[in-house]
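J.: entry16.txt is reproduced in full below (compact mmCIF, C-alpha atoms).
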# COMPACT_ATOMS: atom_id res chain seq x y z
CA MET A 1 16.05 21.62 -10.50
CA PHE A 2 14.20 24.94 -10.63
CA ALA A 3 14.22 28.11 -8.56
CA ASN A 4 12.32 31.38 -8.35
CA VAL A 5 8.98 29.75 -9.01
CA GLU A 6 6.21 31.62 -7.29
CA PHE A 7 2.49 31.51 -7.82
CA ALA A 8 -0.74 31.89 -5.92
CA LEU A 9 -4.08 30.50 -6.98
CA ALA A 10 -7.49 31.73 -5.96
CA CYS A 11 -10.73 29.75 -6.06
CA GLY A 12 -11.82 28.98 -9.59
CA GLU A 13 -8.35 29.33 -11.08
CA ALA A 14 -6.22 26.80 -12.93
CA LEU A 15 -2.46 26.82 -13.27
CA ILE A 16 -1.19 25.28 -16.48
CA VAL A 17 2.42 24.18 -16.08
CA THR A 18 4.35 23.72 -19.30
CA GLY A 19 8.00 23.10 -20.03
CA ALA A 20 10.45 20.82 -21.76
CA ASN A 21 10.98 17.21 -20.66
CA GLY A 22 13.04 17.17 -17.49
CA SER A 23 12.28 20.78 -16.61
CA GLY A 24 10.70 19.72 -13.32
CA LYS A 25 6.97 19.79 -13.99
CA THR A 26 6.34 16.53 -12.16
CA THR A 27 8.56 17.59 -9.25
CA LEU A 28 6.64 20.84 -8.93
CA LEU A 29 3.31 19.01 -9.01
CA ARG A 30 4.48 16.52 -6.40
CA MET A 31 5.42 19.46 -4.20
CA VAL A 32 1.99 21.03 -4.69
CA ALA A 33 0.32 17.72 -3.86
CA GLY A 34 2.42 17.42 -0.70
CA LEU A 35 4.41 14.36 -1.80
CA THR A 36 7.79 16.10 -1.87
CA GLN A 37 9.18 18.70 0.47
CA PRO A 38 10.83 21.61 -1.40
CA HIS A 39 14.53 22.04 -0.53
CA ILE A 40 14.09 25.79 -0.33
CA GLY A 41 10.80 27.59 -0.33
CA GLN A 42 7.38 27.14 1.11
CA LEU A 43 4.03 25.78 0.09
CA SER A 44 1.01 27.43 1.66
CA TRP A 45 -2.55 26.16 1.75
CA ARG A 46 -5.32 28.64 2.60
CA GLY A 47 -2.73 31.08 3.85
CA ALA A 48 -1.01 28.69 6.24
CA PRO A 49 2.39 27.15 5.46
CA VAL A 50 2.14 23.37 5.04
CA ALA A 51 4.79 20.64 5.04
CA ALA A 52 4.70 17.50 2.88
CA PHE A 53 1.91 15.06 3.85
CA ASP A 54 0.10 17.77 5.81
CA HIS A 55 -3.31 16.51 6.86
CA ALA A 56 -5.32 19.56 5.78
CA LEU A 57 -3.68 19.44 2.35
CA ARG A 58 -4.24 15.68 2.02
CA ALA A 59 -7.92 16.08 2.80
CA ALA A 60 -8.30 18.70 0.07
CA THR A 61 -6.11 17.34 -2.73
CA LEU A 62 -6.72 14.94 -5.56
CA TYR A 63 -3.42 13.93 -7.15
CA ILE A 64 -3.44 11.99 -10.41
CA GLY A 65 0.13 11.27 -11.42
CA HIS A 66 1.82 9.40 -14.25
CA ALA A 67 1.13 6.08 -12.56
CA ALA A 68 -2.59 5.36 -12.74
CA ALA A 69 -2.68 3.61 -9.32
CA LEU A 70 -4.80 0.82 -10.77
CA LYS A 71 -4.81 -2.77 -9.62
CA ASP A 72 -4.50 -5.09 -12.62
CA ASP A 73 -6.73 -7.74 -11.07
CA PHE A 74 -9.60 -5.32 -10.34
CA THR A 75 -12.20 -4.28 -12.90
CA ALA A 76 -12.70 -0.61 -13.78
CA GLU A 77 -15.56 -0.35 -11.31
CA GLU A 78 -13.66 -2.04 -8.48
CA ASN A 79 -10.64 0.17 -9.07
CA LEU A 80 -12.74 3.29 -9.05
CA LEU A 81 -14.69 2.31 -5.94
CA SER A 82 -11.53 1.29 -4.11
CA LEU A 83 -9.73 4.57 -4.85
CA ALA A 84 -12.76 6.74 -4.12
CA THR A 85 -13.16 5.04 -0.74
CA LEU A 86 -9.49 5.62 -0.04
CA HIS A 87 -10.06 9.33 -0.75
CA GLY A 88 -12.73 9.34 1.94
CA ALA A 89 -15.71 9.45 -0.44
CA ALA A 90 -18.49 6.89 -0.25
CA PRO A 91 -19.93 6.71 -3.79
CA ASP A 92 -23.15 4.76 -4.29
CA ARG A 93 -23.72 2.55 -7.31
CA VAL A 94 -25.47 5.33 -9.22
CA ALA A 95 -22.59 7.79 -8.81
CA LEU A 96 -20.14 5.04 -9.73
CA GLY A 97 -22.17 4.10 -12.79
CA ASN A 98 -22.42 7.74 -13.87
CA ALA A 99 -18.67 8.23 -13.56
CA LEU A 100 -17.98 5.08 -15.59
CA ALA A 101 -20.52 6.12 -18.22
CA GLU A 102 -19.13 9.63 -18.48
CA TRP A 103 -15.68 8.21 -19.23
CA SER A 104 -17.15 5.55 -21.60
CA LEU A 105 -16.06 2.70 -19.35
CA GLY A 106 -19.50 1.24 -18.75
CA GLN A 107 -19.19 -1.58 -21.26
CA HIS A 108 -16.02 -3.01 -19.70
CA ASP A 109 -17.42 -3.71 -16.29
CA ASP A 110 -16.30 -7.31 -15.92
CA ILE A 111 -12.87 -7.07 -17.52
CA PRO A 112 -9.82 -6.78 -15.25
CA ALA A 113 -7.76 -3.63 -15.79
CA ARG A 114 -4.76 -5.64 -17.00
CA VAL A 115 -6.35 -6.20 -20.41
CA LEU A 116 -7.57 -2.63 -20.88
CA SER A 117 -5.70 -0.28 -23.20
CA GLN A 118 -3.48 2.53 -21.97
CA GLY A 119 -6.14 5.09 -22.83
CA GLN A 120 -8.84 3.17 -20.97
CA ARG A 121 -6.60 2.86 -17.92
CA ARG A 122 -6.06 6.61 -18.00
CA ARG A 123 -9.84 7.09 -18.19
CA ILE A 124 -10.30 5.02 -15.00
CA ALA A 125 -7.65 7.09 -13.24
CA LEU A 126 -9.33 10.33 -14.33
CA ALA A 127 -12.84 9.14 -13.48
CA ARG A 128 -11.84 9.61 -9.84
CA MET A 129 -12.27 13.34 -10.47
CA ASP A 130 -16.03 12.77 -10.56
CA LEU A 131 -16.13 11.03 -7.20
CA ALA A 132 -13.39 12.29 -4.90
CA ARG A 133 -14.95 15.71 -4.12
CA ARG A 134 -11.70 17.58 -3.59
CA CYS A 135 -11.07 21.27 -4.09
CA LEU A 136 -7.44 21.11 -5.30
CA TRP A 137 -6.81 18.93 -8.34
CA VAL A 138 -3.21 18.19 -9.22
CA LEU A 139 -3.07 16.51 -12.61
CA ASP A 140 0.21 15.38 -14.14
CA GLU A 141 -0.10 15.02 -17.93
CA PRO A 142 -3.79 14.04 -17.69
CA ALA A 143 -4.26 13.92 -21.46
CA THR A 144 -1.59 11.27 -22.05
CA ALA A 145 -2.93 8.36 -24.13
CA LEU A 146 -6.41 9.90 -24.28
CA ASP A 147 -8.31 10.10 -27.58
CA ALA A 148 -10.19 13.21 -28.70
CA SER A 149 -13.38 12.32 -26.83
CA GLY A 150 -11.36 11.57 -23.70
CA VAL A 151 -9.66 14.97 -23.88
CA ALA A 152 -13.07 16.61 -24.36
CA THR A 153 -14.41 14.87 -21.23
CA LEU A 154 -11.30 15.93 -19.32
CA GLU A 155 -11.75 19.56 -20.41
CA LYS A 156 -15.42 19.42 -19.46
CA ARG A 157 -14.69 18.02 -16.00
CA VAL A 158 -11.92 20.50 -15.20
CA SER A 159 -14.03 23.42 -16.48
CA ALA A 160 -16.93 22.31 -14.28
CA HIS A 161 -14.53 22.02 -11.34
CA LEU A 162 -13.27 25.58 -11.89
CA ALA A 163 -16.84 26.82 -12.28
CA ALA A 164 -17.58 25.26 -8.87
CA ARG A 165 -14.74 27.42 -7.47
CA GLY A 166 -12.24 24.59 -7.36
CA VAL A 167 -8.53 24.95 -8.01
CA ALA A 168 -6.45 22.90 -10.47
CA VAL A 169 -2.76 22.60 -11.18
CA ILE A 170 -2.16 20.81 -14.48
CA ALA A 171 1.09 19.90 -16.18
CA THR A 172 0.50 19.33 -19.86
CA HIS A 173 2.09 19.31 -23.28
CA LYS A 174 -1.20 19.41 -25.12
CA PRO A 175 -3.07 22.71 -24.92
CA LEU A 176 -6.34 22.22 -23.06
CA ALA A 177 -9.43 24.29 -23.81
CA LEU A 178 -10.71 25.14 -20.35
CA ALA A 179 -13.49 27.52 -19.42
CA GLY A 180 -12.24 29.52 -16.48
CA ILE A 181 -9.30 31.60 -15.39
CA MET A 182 -6.09 30.03 -16.60
CA ARG A 183 -2.69 31.09 -15.38
CA LYS A 184 0.40 29.89 -17.17
CA LEU A 185 3.71 28.79 -15.72
CA GLU A 186 6.59 27.94 -18.01
CA LEU A 187 9.40 26.00 -16.35
CA MET B 1 -15.41 26.17 -1.97
CA ALA B 2 -17.31 24.54 0.87
CA ALA B 3 -19.71 23.05 -1.63
CA ILE B 4 -17.12 20.76 -3.14
CA LEU B 5 -14.88 20.25 -0.13
CA GLU B 6 -15.95 17.13 1.71
CA ILE B 7 -16.45 18.11 5.31
CA THR B 8 -15.11 15.25 7.38
CA ASP B 9 -15.93 15.81 11.01
CA ASP B 10 -15.27 12.19 11.96
CA THR B 11 -12.82 11.36 14.69
CA ARG B 12 -9.23 10.24 14.34
CA GLU B 13 -10.16 6.78 15.67
CA SER B 14 -12.89 6.17 13.13
CA ARG B 15 -10.56 7.26 10.31
CA ALA B 16 -7.93 4.84 11.61
CA TRP B 17 -10.41 1.96 11.62
CA ARG B 18 -11.70 2.88 8.17
CA GLY B 19 -8.13 2.93 6.88
CA PHE B 20 -7.32 -0.42 8.46
CA ALA B 21 -10.48 -2.02 7.08
CA TRP B 22 -9.99 -0.50 3.62
CA SER B 23 -6.47 -1.74 3.05
CA MET B 24 -7.06 -5.14 4.66
CA THR B 25 -10.10 -5.96 2.55
CA ARG B 26 -8.46 -4.61 -0.59
CA ASP B 27 -5.27 -6.63 -0.10
CA LEU B 28 -7.17 -9.80 0.82
CA ASN B 29 -9.29 -9.33 -2.30
CA LEU B 30 -6.16 -8.99 -4.39
CA ALA B 31 -4.56 -12.01 -2.71
CA ILE B 32 -7.59 -14.17 -3.49
CA ARG B 33 -7.46 -13.13 -7.16
CA SER B 34 -3.84 -14.24 -7.54
CA LYS B 35 -4.12 -17.72 -6.12
CA ALA B 36 -0.76 -18.79 -7.54
CA GLU B 37 1.10 -16.25 -5.42
CA LEU B 38 -0.94 -17.25 -2.41
CA GLY B 39 0.27 -20.83 -2.51
CA VAL B 40 3.95 -20.16 -3.18
CA GLN B 41 4.90 -19.38 0.39
CA LEU B 42 3.02 -22.35 1.85
CA LEU B 43 4.49 -24.72 -0.71
CA PHE B 44 7.96 -23.33 -0.03
CA TYR B 45 7.49 -23.99 3.68
CA VAL B 46 6.32 -27.55 3.12
CA ILE B 47 9.17 -28.32 0.72
CA VAL B 48 11.95 -26.83 2.87
CA VAL B 49 10.69 -28.70 5.92
CA THR B 50 10.47 -31.93 3.92
CA LEU B 51 14.03 -31.55 2.60
CA PHE B 52 15.52 -32.06 6.06
CA PRO B 53 14.42 -35.66 6.67
CA LEU B 54 15.60 -36.44 3.14
CA ALA B 55 19.00 -34.88 3.80
CA VAL B 56 19.81 -36.04 7.33
CA GLY B 57 18.12 -39.42 7.19
CA ALA B 58 15.07 -40.83 8.88
CA GLU B 59 16.65 -41.41 12.29
CA PRO B 60 13.65 -40.71 14.64
CA LEU B 61 15.66 -39.38 17.57
CA LEU B 62 17.69 -37.02 15.40
CA LEU B 63 14.56 -35.72 13.66
CA ARG B 64 12.86 -35.17 16.99
CA THR B 65 15.81 -33.09 18.16
CA LEU B 66 16.06 -31.10 14.93
CA GLY B 67 12.33 -30.70 14.43
CA PRO B 68 11.42 -27.51 16.32
CA GLY B 69 14.45 -25.64 15.00
CA VAL B 70 13.87 -26.71 11.40
CA LEU B 71 10.18 -25.85 11.50
CA TRP B 72 10.91 -22.38 12.88
CA VAL B 73 13.83 -21.62 10.55
CA ALA B 74 11.71 -22.67 7.57
CA ALA B 75 8.91 -20.37 8.78
CA LEU B 76 11.37 -17.47 8.94
CA LEU B 77 12.62 -18.13 5.41
CA ALA B 78 9.10 -18.56 4.06
CA SER B 79 8.10 -15.27 5.66
CA LEU B 80 11.08 -13.58 4.02
CA LEU B 81 10.06 -14.89 0.61
CA SER B 82 6.95 -12.75 0.35
CA LEU B 83 7.97 -9.69 2.34
CA SER B 84 8.92 -7.46 -0.57
CA ARG B 85 5.41 -7.99 -1.96
CA ILE B 86 3.83 -6.02 0.89
CA PHE B 87 4.68 -2.71 -0.79
CA ALA B 88 6.42 -3.44 -4.09
CA ALA B 89 3.34 -3.69 -6.31
CA ASP B 90 1.69 -0.64 -4.75
CA TYR B 91 4.92 1.30 -5.15
CA ALA B 92 5.26 0.35 -8.81
CA ASP B 93 1.68 1.16 -9.87
CA GLY B 94 1.37 4.43 -7.94
CA SER B 95 -1.11 3.14 -5.35
CA LEU B 96 1.36 3.82 -2.54
CA GLU B 97 1.34 7.54 -3.42
CA GLN B 98 -2.42 7.53 -3.16
CA LEU B 99 -2.24 5.73 0.18
CA ALA B 100 0.21 8.31 1.51
CA LEU B 101 -1.99 11.17 0.25
CA SER B 102 -5.22 9.73 1.60
CA PRO B 103 -6.89 11.56 4.49
CA LEU B 104 -6.98 8.18 6.23
CA PRO B 105 -3.92 7.77 8.50
CA LEU B 106 -1.01 6.01 6.76
CA PRO B 107 -0.01 3.84 9.78
CA ALA B 108 -3.57 2.47 9.87
CA LEU B 109 -3.53 1.76 6.14
CA ILE B 110 -0.19 0.01 6.51
CA SER B 111 -1.44 -1.99 9.51
CA GLY B 112 -4.28 -3.25 7.33
CA LYS B 113 -1.83 -4.23 4.60
CA ILE B 114 0.33 -6.13 7.11
CA ALA B 115 -2.74 -7.87 8.55
CA ALA B 116 -3.81 -8.98 5.08
CA HIS B 117 -0.27 -10.10 4.31
CA TRP B 118 -0.17 -12.21 7.47
CA MET B 119 -3.59 -13.73 6.85
CA SER B 120 -2.69 -14.72 3.30
CA THR B 121 0.89 -15.88 3.94
CA GLY B 122 1.51 -16.39 7.66
CA PHE B 123 -1.66 -18.05 8.79
CA PRO B 124 -1.52 -20.98 6.31
CA LEU B 125 1.91 -21.80 7.75
CA VAL B 126 0.47 -21.89 11.25
CA ALA B 127 -2.34 -24.13 10.07
CA VAL B 128 -0.14 -26.80 8.47
CA SER B 129 2.61 -26.72 11.11
CA PRO B 130 1.20 -29.43 13.43
CA LEU B 131 0.96 -31.74 10.43
CA LEU B 132 4.56 -31.04 9.43
CA GLY B 133 5.60 -31.43 13.04
CA ALA B 134 4.37 -35.01 12.93
CA GLN B 135 6.99 -35.65 10.21
CA PHE B 136 9.61 -34.92 12.86
CA GLY B 137 8.04 -37.10 15.52
CA LEU B 138 6.60 -34.20 17.52
CA THR B 139 3.86 -35.36 19.88
CA THR B 140 0.36 -33.95 19.49
CA ASP B 141 0.91 -31.54 22.38
CA GLU B 142 4.20 -30.39 20.93
CA GLY B 143 2.48 -29.92 17.57
CA TRP B 144 -0.15 -27.65 19.12
CA LEU B 145 2.55 -25.75 20.99
CA LEU B 146 4.41 -25.27 17.71
CA ALA B 147 1.25 -23.92 16.10
CA LEU B 148 0.57 -21.63 19.05
CA GLY B 149 4.13 -20.31 18.98
CA LEU B 150 3.88 -19.65 15.24
CA LEU B 151 0.47 -18.05 15.73
CA ILE B 152 2.02 -15.49 18.07
CA GLY B 153 5.38 -15.31 16.29
CA THR B 154 4.56 -15.05 12.57
CA PRO B 155 2.58 -11.76 12.87
CA THR B 156 5.69 -10.28 14.48
CA LEU B 157 7.70 -11.49 11.49
CA SER B 158 5.28 -9.75 9.11
CA LEU B 159 5.35 -6.55 11.18
CA LEU B 160 9.14 -6.41 11.40
CA GLY B 161 9.40 -7.38 7.77
CA ALA B 162 7.13 -4.51 6.72
CA ILE B 163 9.68 -2.04 8.13
CA GLY B 164 12.42 -3.66 6.07
CA ALA B 165 10.23 -3.83 2.98
CA ALA B 166 9.42 -0.12 3.30
CA LEU B 167 13.06 0.81 3.85
CA THR B 168 14.23 -1.07 0.77
CA LEU B 169 11.52 0.31 -1.55
CA GLY B 170 12.90 1.40 -4.87
CA LEU B 171 16.36 -0.06 -4.31
CA ARG B 172 17.76 -2.19 -7.09
CA ALA B 173 19.16 -4.96 -4.88
CA GLY B 174 16.20 -4.58 -2.54
CA GLY B 175 15.43 -8.29 -2.12
CA GLY B 176 18.88 -9.32 -0.93
CA LEU B 177 19.28 -6.26 1.22
CA LEU B 178 15.90 -6.89 2.80
CA ALA B 179 17.00 -10.37 3.89
CA LEU B 180 20.24 -9.03 5.40
CA LEU B 181 18.37 -6.25 7.16
CA ILE B 182 15.54 -8.33 8.57
CA LEU B 183 17.00 -11.75 9.42
CA PRO B 184 19.00 -10.45 12.43
CA LEU B 185 15.79 -8.89 13.78
CA TYR B 186 14.09 -12.28 13.45
CA VAL B 187 16.65 -13.97 15.74
CA PRO B 188 14.85 -13.37 19.08
CA ILE B 189 11.61 -14.69 17.64
CA LEU B 190 13.44 -17.81 16.45
CA ILE B 191 15.11 -18.36 19.82
CA PHE B 192 11.92 -18.02 21.86
CA GLY B 193 9.80 -19.88 19.33
CA ALA B 194 12.00 -22.94 18.95
CA GLY B 195 12.95 -22.66 22.63
CA SER B 196 9.34 -23.08 23.74
CA ILE B 197 9.25 -26.70 22.57
CA GLU B 198 12.68 -27.42 24.05
CA ALA B 199 11.49 -26.01 27.36
CA VAL B 200 8.45 -28.27 27.42
CA ARG B 201 10.66 -31.28 26.68
CA ALA B 202 12.89 -30.29 29.60
CA GLY B 203 9.79 -30.19 31.79
CA LEU B 204 9.90 -26.41 32.35
CA GLY B 205 6.71 -25.34 30.61
CA ALA B 206 6.59 -22.88 27.71
CA SER B 207 4.85 -19.95 29.34
CA ALA B 208 8.01 -17.83 29.64
CA GLN B 209 8.85 -18.20 25.92
CA LEU B 210 5.28 -17.66 24.81
CA SER B 211 4.99 -14.56 27.00
CA LEU B 212 8.13 -13.14 25.43
CA LEU B 213 6.78 -13.87 21.95
CA ALA B 214 3.55 -12.12 22.89
CA ALA B 215 5.48 -9.14 24.30
CA ALA B 216 7.42 -8.87 21.02
CA LEU B 217 4.15 -9.01 19.11
CA LEU B 218 2.62 -6.20 21.18
CA ALA B 219 5.70 -4.01 20.83
CA THR B 220 5.88 -4.44 17.04
CA LEU B 221 2.12 -4.07 16.72
CA VAL B 222 2.49 -0.52 18.03
CA GLY B 223 5.85 0.41 16.61
CA ALA B 224 6.15 -1.28 13.23
CA PRO B 225 3.30 0.50 11.38
CA LEU B 226 4.65 3.88 12.51
CA ALA B 227 8.18 3.02 11.44
CA ALA B 228 7.01 1.56 8.14
CA SER B 229 4.90 4.62 7.32
CA ALA B 230 7.84 6.92 8.02
CA ALA B 231 9.95 4.77 5.69
CA VAL B 232 7.26 4.81 2.98
CA ARG B 233 7.11 8.62 3.10
CA ILE B 234 10.88 8.80 2.72
CA ALA B 235 10.72 6.38 -0.23
CA LEU B 236 8.09 8.54 -1.97
CA ASP B 237 9.84 11.85 -1.37
Starting from the coordinates I provided, produce the structure as structure tokens.
T.:
Amino acid sequence: MFANVEFALACGEALIVTGANGSGKTTLLRMVAGLTQPHIGQLSWRGAPVAAFDHALRAATLYIGHAAALKDDFTAEENLLSLATLHGAAPDRVALGNALAEWSLGQHDDIPARVLSQGQRRRIALARMDLARRCLWVLDEPATALDASGVATLEKRVSAHLAARGVAVIATHKPLALAGIMRKLEL
Amino acid sequence: MAAILEITDDTRESRAWRGFAWSMTRDLNLAIRSKAELGVQLLFYVIVVTLFPLAVGAEPLLLRTLGPGVLWVAALLASLLSLSRIFAADYADGSLEQLALSPLPLPALISGKIAAHWMSTGFPLVAVSPLLGAQFGLTTDEGWLLALGLLIGTPTLSLLGAIGAALTLGLRAGGGLLALLILPLYVPILIFGAGSIEAVRAGLGASAQLSLLAAALLATLVGAPLAASAAVRIALD
């Protein structure tokens, strides 16, 4: 799909991946997250080559893909708690409440996710960023279906993550205003 | 970097247990919310078993002979009915990716899913089986033996089925293929399960058949989650 793609990211840097539909942004991000093994080439994490599903990479990565990984029968809070626990975090009610409030999901706490709008579902998926405590964020089109305030929250969260010396790889069509070092990759 | 990287110094065992508990409680929670789905398999079992006396007539001797076989075949078919659900929903909504990327071990997470699947679909079958056995003129002892056989046998069906469900993820004709793939693997369970009641009727005792069922359960308990997690990774790649 693509070849001759090479990049290295240091702490506090974000890679913004752009490109036409079908150019392989999602494939690249899945490789970075360790979901897909590249046919040729090598992914390295902290200087050591890693294969797909490598444990060290899994413990450090937060991957938010196209699919929001939400359960329709769970409420926003249950979905968030369930996914955060799966990521190995143990959020208390305060942290959970703060994350929901930050993403303006607090008022929907007893509604199952099936009746929430596409933008609200995306907000639940992104709210994991507040709780998972990972250093590599891999975000595939995070701004899809988000309104202006949602995009602003997203930019704020990613900027804070970069300021805390985290790393982010983001595929996006919409330009994001991030505070931090941004590298660009056009596929 | 260390400030935001969660330092997890816990052991492999504790992560495995956490993974098992996480996916089992989550899947049981989900099963309870969708009560309609929960009942389908049980109702299917009851109806299939009830069809036989209607079709072959109410001749007591004939029903007594057919009984164990019918009850076991119906359990196999009922188990097949819900197999694809073990992974299909998680695959479609992206949860399976998150499971595979979790620091918790994938075989443990899948074991929890299989356990929840058996508790919500297999165990109800076990519970009603003595009652259905009475329809076929099984004695009380034979009814309990049937339930015991199913209690050991149906988890094996769920475990084997999980491998098939993982292998057929994302395929268009997945359901049909799953049945073709898995039913031959179910044959030994059927033979030993139905055979246990026959053996008791012949005065031999059922311990040999039950031991073999238990051996199959132990083997799949170890092997099936590993095989299923390998298949899930291939499906996600």
J.: Given the choices A:Gly12, A:Gly22, A:Gly106, A:Pro91, which gets closest to chain B if the distance is worked out from only C-alpha atoms?
T.: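 That would be A:Gly12, the residue with the smallest distance to chain B.
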J.: Kindly provide, as lines of an AutoDock Vina configuration file, the centre and edge lengths (Å, one decimal) of an axis-aligned box around all atoms of region 92-97 of chain A given in the file, with 3 Å on each side.
T.:
center_x = -22.8
center_y = 5.2
center_z = -8.5
size_x = 11.3
size_y = 11.2
size_z = 14.5
J.: What gap, in Å, lies between CA of Val115 (chain A) and CA of Phe74 (chain A)?
T.: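 CA of Phe74 (chain A) lies at a distance of 10.6 Å from CA of Val115 (chain A).
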J.: So how many Å separate CA of Ile111 (chain A) and CA of Ala67 (chain A), to one decimal?
T.: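 Answer for the CA of Ile111 (chain A) to CA of Ala67 (chain A) separation: 19.8 Å.
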J.: Quick one: pull the distance between CA of Ala171 (chain A) and CA of Gly65 (chain A), Å, one decimal.
T.: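 That distance, rounded to one decimal, is 9.9 Å.
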J.: Return the neighbours of chain B among the residues of chain A, cut-off 7 Å, counting all atoms listed in the file, as a PyMOL selection string.
T.: chain A and resi 35-36+53+55+58-60+67-70+73+86-88+133-135+165-166
J.: Might you pull out every residue within 10 Å of Gln107 (chain A), with all atoms listed in the file counted and same-chain residues fewer than 6 positions away left off, and present them as JSON, numbers by chain?
T.: {"A": [76, 100, 101]}
J.: From the options A:Leu187, A:Ala148, A:Ile124, A:Ala168, which residue's atoms come nearest to Asp109 (chain A), counting only C-alpha atoms?
T.: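 Nearest to Asp109 (chain A): A:Ile124.
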J.: At a cut-off of 8 Å, using all atoms listed in the file, what residues contact Ser84 (chain B)? Leave out same-chain residues fewer than 3 positions from it and give the result as a PyMOL selection string.
T.: chain B and resi 80-81+87-88+165+175+178
J.: Counting all atoms listed in the file, which residues come within 7 Å of (-6.8, 19.5, -7.3), with the point read in the file's coordinates, and could you list them as a list of chain:residue names?
T.: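 Returned residue set, sorted by chain then number, is A:Thr61, A:Leu62, A:Tyr63, A:Arg134, A:Cys135, A:Leu136, A:Trp137, A:Val138, A:Val167, A:Ala168, A:Val169.
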J.: Leaving out region 213-228 of chain B and any residue of its chain fewer than 5 positions from it, which residues lie within 8 Å of it when counting only C-alpha atoms, given as a list in words?
T.: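 Residues meeting the cut-off are Pro107, Ala108, Ile110, Ser111, Gly149, Ile152, Gly153, Pro155, Thr156, Leu159, Leu160, Ala162, Ile163, Gly164, Ala166, Leu167, Ile189, Phe192 and Gly193 of chain B.
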J.: Store the residues picked out above in a file with C-alpha atoms, as a CSV table (one decimal), keeping the file's coordinate frame.
T.:
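The result, stored in selection_23.csv:
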chain,number,residue,atom,x,y,z
B,107,PRO,CA,0.0,3.8,9.8
B,108,ALA,CA,-3.6,2.5,9.9
B,110,ILE,CA,-0.2,0.0,6.5
B,111,SER,CA,-1.4,-2.0,9.5
B,149,GLY,CA,4.1,-20.3,19.0
B,152,ILE,CA,2.0,-15.5,18.1
B,153,GLY,CA,5.4,-15.3,16.3
B,155,PRO,CA,2.6,-11.8,12.9
B,156,THR,CA,5.7,-10.3,14.5
B,159,LEU,CA,5.4,-6.6,11.2
B,160,LEU,CA,9.1,-6.4,11.4
B,162,ALA,CA,7.1,-4.5,6.7
B,163,ILE,CA,9.7,-2.0,8.1
B,164,GLY,CA,12.4,-3.7,6.1
B,166,ALA,CA,9.4,-0.1,3.3
B,167,LEU,CA,13.1,0.8,3.8
B,189,ILE,CA,11.6,-14.7,17.6
B,192,PHE,CA,11.9,-18.0,21.9
B,193,GLY,CA,9.8,-19.9,19.3
J.: I'd like the neighbourhood of Ser158 (chain B) as a list in words, where a residue qualifies if any of its atoms comes within 8 Å (using only C-alpha atoms), though same-chain residues fewer than 5 positions away should be ignored.
T.: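 Those residues are Ser79, Leu83, Ile114, His117, Trp118 and Gly122 of chain B.
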J.: With all atoms listed in the file as the counted atoms, please give the residues lying no more than 9 Å from Thr144 (chain A), apart from itself and same-chain residues fewer than 3 positions off, as a PDB file with C-alpha atoms, keeping the file's coordinate frame.
T.:
ATOM      1  CA  HIS A  66       1.820   9.400 -14.250  1.00  0.00           C
ATOM      2  CA  GLN A 118      -3.480   2.530 -21.970  1.00  0.00           C
ATOM      3  CA  GLY A 119      -6.140   5.090 -22.830  1.00  0.00           C
ATOM      4  CA  ARG A 122      -6.060   6.610 -18.000  1.00  0.00           C
ATOM      5  CA  GLU A 141      -0.100  15.020 -17.930  1.00  0.00           C
ATOM      6  CA  ASP A 147      -8.310  10.100 -27.580  1.00  0.00           C
ATOM      7  CA  THR A 172       0.500  19.330 -19.860  1.00  0.00           C
ATOM      8  CA  HIS A 173       2.090  19.310 -23.280  1.00  0.00           C
ATOM      9  CA  LYS A 174      -1.200  19.410 -25.120  1.00  0.00           C
TER      10      LYS A 174
END
J.: Find the residue from B:Ser229, B:Thr168, B:Gln135, B:Ser211 that sits nearest to Arg64 (chain B); use only C-alpha atoms when measuring.
T.: B:Gln135
